[in-house]
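Q: Dropping a structure here in structure tokens format, bear with me for questions.
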Amino acid sequence: MFGQASRELAQAVADSGYRPDLILSIARGGLFVAGSLGYALDVKNLHVMNVEFYTGVDQRLDMPVMLPPVPNAVDLSGARVLVADDVADTGATLKLVRDFCADHVADVRCAVIYEKPRSAVRCEYVWRRTDRWINFPWSTLPPVVQRENQVLDA
Ligand code: 5GP
């Protein structure tokens, strides 16, 4: 499903005539999307922004916050940027990133797998729309912990 989703998302970008110079992924969920889009659109210039907002299912901080390292504005300067994330829910995360880019870049557009109706940002490229909580394969299970009595391989 994810392979097909990211491929179709990339096709929508290509069909629109947008040729991004770089893809800016929003970690962590956007890393998967950005990597796939990078291959499909033949873009090797990938950047990362770390934004923290959600602490659980529909549990949020008051506002999204950028965590260091923040991308160097010089690296983005004058570029056509494609921001990639897994889902635009309230849209606050994408708004923060898009506003951060707006002063520096030539053009900034957003691509997401899912967009919810309440999103404050209307993404240019959306694979599917839903108003439900989405369980992605990479973030549904809790972090792994070290098990006891495991033989460590060198
Ligand atoms: P927003 O700022 O649009 O409210 O939320 C953006 C981020 O919150 C997403 O990149 C994702 O990490 C997380 N998030 C929001 N809604 C969902 C959801 O339905 N499922 C999952 N797994 N994460 C979500």
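Chain labels A, B, ... are given in the sequence in which chains occur in the structure tokens; within each chain residues are numbered consecutively from 1, and ligands are likewise numbered from 1 in the order shown.
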Give the residue list for ligand 1 at 6 Å, counting only C-alpha atoms and all ligand atoms, as number ranges by chain, sorted by chain and then by residue number.
A: A: 29, 54, 85-93, 133-136
Q: I need the alpha helix (DSSP H) residues of chain A per DSSP on the backbone, written as number ranges by chain.
A: A: 2-15, 29-40, 73-76, 92-102
Q: Of the candidates A:Leu31, A:Ile113, A:Leu67, A:Ala106, which one gets nearest to Glu8 (chain A) if we count only C-alpha atoms?
A: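 Looking at the shortest contact to Glu8 (chain A), the residue is A:Ile113.
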Q: Enter the distance from CA of Pro20 (chain A) to CA of Val33 (chain A), in Å, rounded to one decimal.
A: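 Here the two named atoms are 14.7 Å from each other.
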Q: Suppose you want the space between CA of Leu46 (chain A) and CA of Leu82 (chain A); what is it in Å?
A: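 The value is 9.6 Å.
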Q: For a quick check of understanding, using only C-alpha atoms, which of A:Pro71, A:Asn149, A:Val144, A:Val83 has the smallest distance to Tyr125 (chain A)?
A: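 Between A:Pro71, A:Asn149, A:Val144, A:Val83, the residue approaching Tyr125 (chain A) most closely is A:Val83.
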Q: Take CA of Lys116 (chain A) and CA of Leu37 (chain A) and report the distance between them in Å, one decimal.
A: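 Interatomic distance here is 20.7 Å.
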Q: Can you tell me which residues surround Phe32 (chain A) at a distance of at most 12 Å, considering only C-alpha atoms, apart from same-chain residues fewer than 6 positions away, and format the answer as a PDB file with N, CA and C atoms, in the first residue's frame?
A:
ATOM      1  N   PHE A   2       1.868   1.301   0.921  1.00  0.00           N
ATOM      2  CA  PHE A   2       2.702   2.502   1.021  1.00  0.00           C
ATOM      3  C   PHE A   2       3.473   2.743  -0.279  1.00  0.00           C
ATOM      4  N   GLY A   3       3.970   1.653  -0.878  1.00  0.00           N
ATOM      5  CA  GLY A   3       4.708   1.785  -2.133  1.00  0.00           C
ATOM      6  C   GLY A   3       3.846   2.398  -3.216  1.00  0.00           C
ATOM      7  N   ALA A   5       1.092   4.179  -2.742  1.00  0.00           N
ATOM      8  CA  ALA A   5       0.692   5.538  -2.343  1.00  0.00           C
ATOM      9  C   ALA A   5       1.773   6.544  -2.713  1.00  0.00           C
ATOM     10  N   SER A   6       3.013   6.233  -2.367  1.00  0.00           N
ATOM     11  CA  SER A   6       4.083   7.201  -2.626  1.00  0.00           C
ATOM     12  C   SER A   6       4.347   7.333  -4.129  1.00  0.00           C
ATOM     13  N   ILE A  23      13.807  17.932  -1.518  1.00  0.00           N
ATOM     14  CA  ILE A  23      12.675  17.460  -0.726  1.00  0.00           C
ATOM     15  C   ILE A  23      13.016  17.675   0.739  1.00  0.00           C
ATOM     16  N   LEU A  24      12.108  18.326   1.437  1.00  0.00           N
ATOM     17  CA  LEU A  24      12.289  18.591   2.865  1.00  0.00           C
ATOM     18  C   LEU A  24      11.332  17.690   3.630  1.00  0.00           C
ATOM     19  N   SER A  25      11.878  16.714   4.338  1.00  0.00           N
ATOM     20  CA  SER A  25      11.016  15.769   5.058  1.00  0.00           C
ATOM     21  C   SER A  25      10.817  16.239   6.488  1.00  0.00           C
ATOM     22  N   ILE A  26       9.639  15.959   7.009  1.00  0.00           N
ATOM     23  CA  ILE A  26       9.356  16.285   8.401  1.00  0.00           C
ATOM     24  C   ILE A  26       9.477  15.003   9.202  1.00  0.00           C
ATOM     25  N   GLY A  38      11.776  10.824  -3.250  1.00  0.00           N
ATOM     26  CA  GLY A  38      13.105  11.112  -3.790  1.00  0.00           C
ATOM     27  C   GLY A  38      13.481  10.145  -4.910  1.00  0.00           C
ATOM     28  N   TYR A  39      13.214   8.865  -4.685  1.00  0.00           N
ATOM     29  CA  TYR A  39      13.486   7.879  -5.747  1.00  0.00           C
ATOM     30  C   TYR A  39      12.583   8.093  -6.951  1.00  0.00           C
ATOM     31  N   LEU A  46      17.919  15.634  -0.268  1.00  0.00           N
ATOM     32  CA  LEU A  46      16.908  15.488   0.776  1.00  0.00           C
ATOM     33  C   LEU A  46      17.352  16.166   2.069  1.00  0.00           C
ATOM     34  N   VAL A  48      16.036  17.379   6.210  1.00  0.00           N
ATOM     35  CA  VAL A  48      15.166  16.923   7.295  1.00  0.00           C
ATOM     36  C   VAL A  48      14.887  18.078   8.243  1.00  0.00           C
ATOM     37  N   ALA A  84       7.572  17.025   2.515  1.00  0.00           N
ATOM     38  CA  ALA A  84       6.934  15.708   2.537  1.00  0.00           C
ATOM     39  C   ALA A  84       6.614  15.294   3.968  1.00  0.00           C
ATOM     40  N   ASP A  85       5.360  14.905   4.183  1.00  0.00           N
ATOM     41  CA  ASP A  85       4.986  14.371   5.499  1.00  0.00           C
ATOM     42  C   ASP A  85       3.977  13.242   5.305  1.00  0.00           C
ATOM     43  N   ASP A  86       3.773  12.475   6.379  1.00  0.00           N
ATOM     44  CA  ASP A  86       2.845  11.351   6.266  1.00  0.00           C
ATOM     45  C   ASP A  86       1.400  11.821   6.263  1.00  0.00           C
ATOM     46  N   VAL A  87       1.059  12.766   7.173  1.00  0.00           N
ATOM     47  CA  VAL A  87      -0.330  13.200   7.272  1.00  0.00           C
ATOM     48  C   VAL A  87      -0.419  14.659   7.694  1.00  0.00           C
ATOM     49  N   VAL A 112       1.540  14.993   0.954  1.00  0.00           N
ATOM     50  CA  VAL A 112       1.235  14.096   2.078  1.00  0.00           C
ATOM     51  C   VAL A 112       0.484  12.872   1.578  1.00  0.00           C
ATOM     52  N   ILE A 113       0.628  11.795   2.344  1.00  0.00           N
ATOM     53  CA  ILE A 113      -0.146  10.595   2.013  1.00  0.00           C
ATOM     54  C   ILE A 113      -1.623  10.838   2.352  1.00  0.00           C
ATOM     55  N   PHE A 136       0.081   3.983  11.032  1.00  0.00           N
ATOM     56  CA  PHE A 136       1.139   3.679  10.073  1.00  0.00           C
ATOM     57  C   PHE A 136       1.967   2.507  10.597  1.00  0.00           C
ATOM     58  N   PRO A 137       2.509   1.686   9.689  1.00  0.00           N
ATOM     59  CA  PRO A 137       3.254   0.510  10.157  1.00  0.00           C
ATOM     60  C   PRO A 137       4.461   0.859  11.020  1.00  0.00           C
ATOM     61  N   TRP A 138       5.039   2.053  10.821  1.00  0.00           N
ATOM     62  CA  TRP A 138       6.274   2.399  11.542  1.00  0.00           C
ATOM     63  C   TRP A 138       6.027   3.026  12.911  1.00  0.00           C
ATOM     64  N   SER A 139       4.794   3.434  13.200  1.00  0.00           N
ATOM     65  CA  SER A 139       4.613   4.151  14.469  1.00  0.00           C
ATOM     66  C   SER A 139       3.509   3.576  15.348  1.00  0.00           C
TER      67      SER A 139
END
Q: Could you tell me, as JSON, numbers by chain, which residues of region 31-80 of chain A DSSP assigns to strand (DSSP E or B) when given the backbone?
A: {"A": [46, 47, 48, 49, 50, 51, 52, 53, 54, 55, 56, 59, 60, 61, 62, 63, 64, 65, 66, 67, 80]}
Q: Check the smallest atom-to-atom distance from each of A:Val97, A:Leu22, A:Val151, A:Ala34 to Leu76 (chain A) using only C-alpha atoms, then report the winner.
A: A:Leu22
Q: Considering only C-alpha atoms, state which residue in the set A:Leu94, A:Ala14, A:Met49, A:Val65 is at the smallest distance from Val121 (chain A).
A: A:Leu94
Q: Could you check the closest approach to Pro69 (chain A) for each of A:Ala12, A:Val108, A:Val51, A:Val145 and tell me which residue wins, using only C-alpha atoms?
A: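 Among the listed residues, the smallest separation from Pro69 (chain A) belongs to A:Val51.
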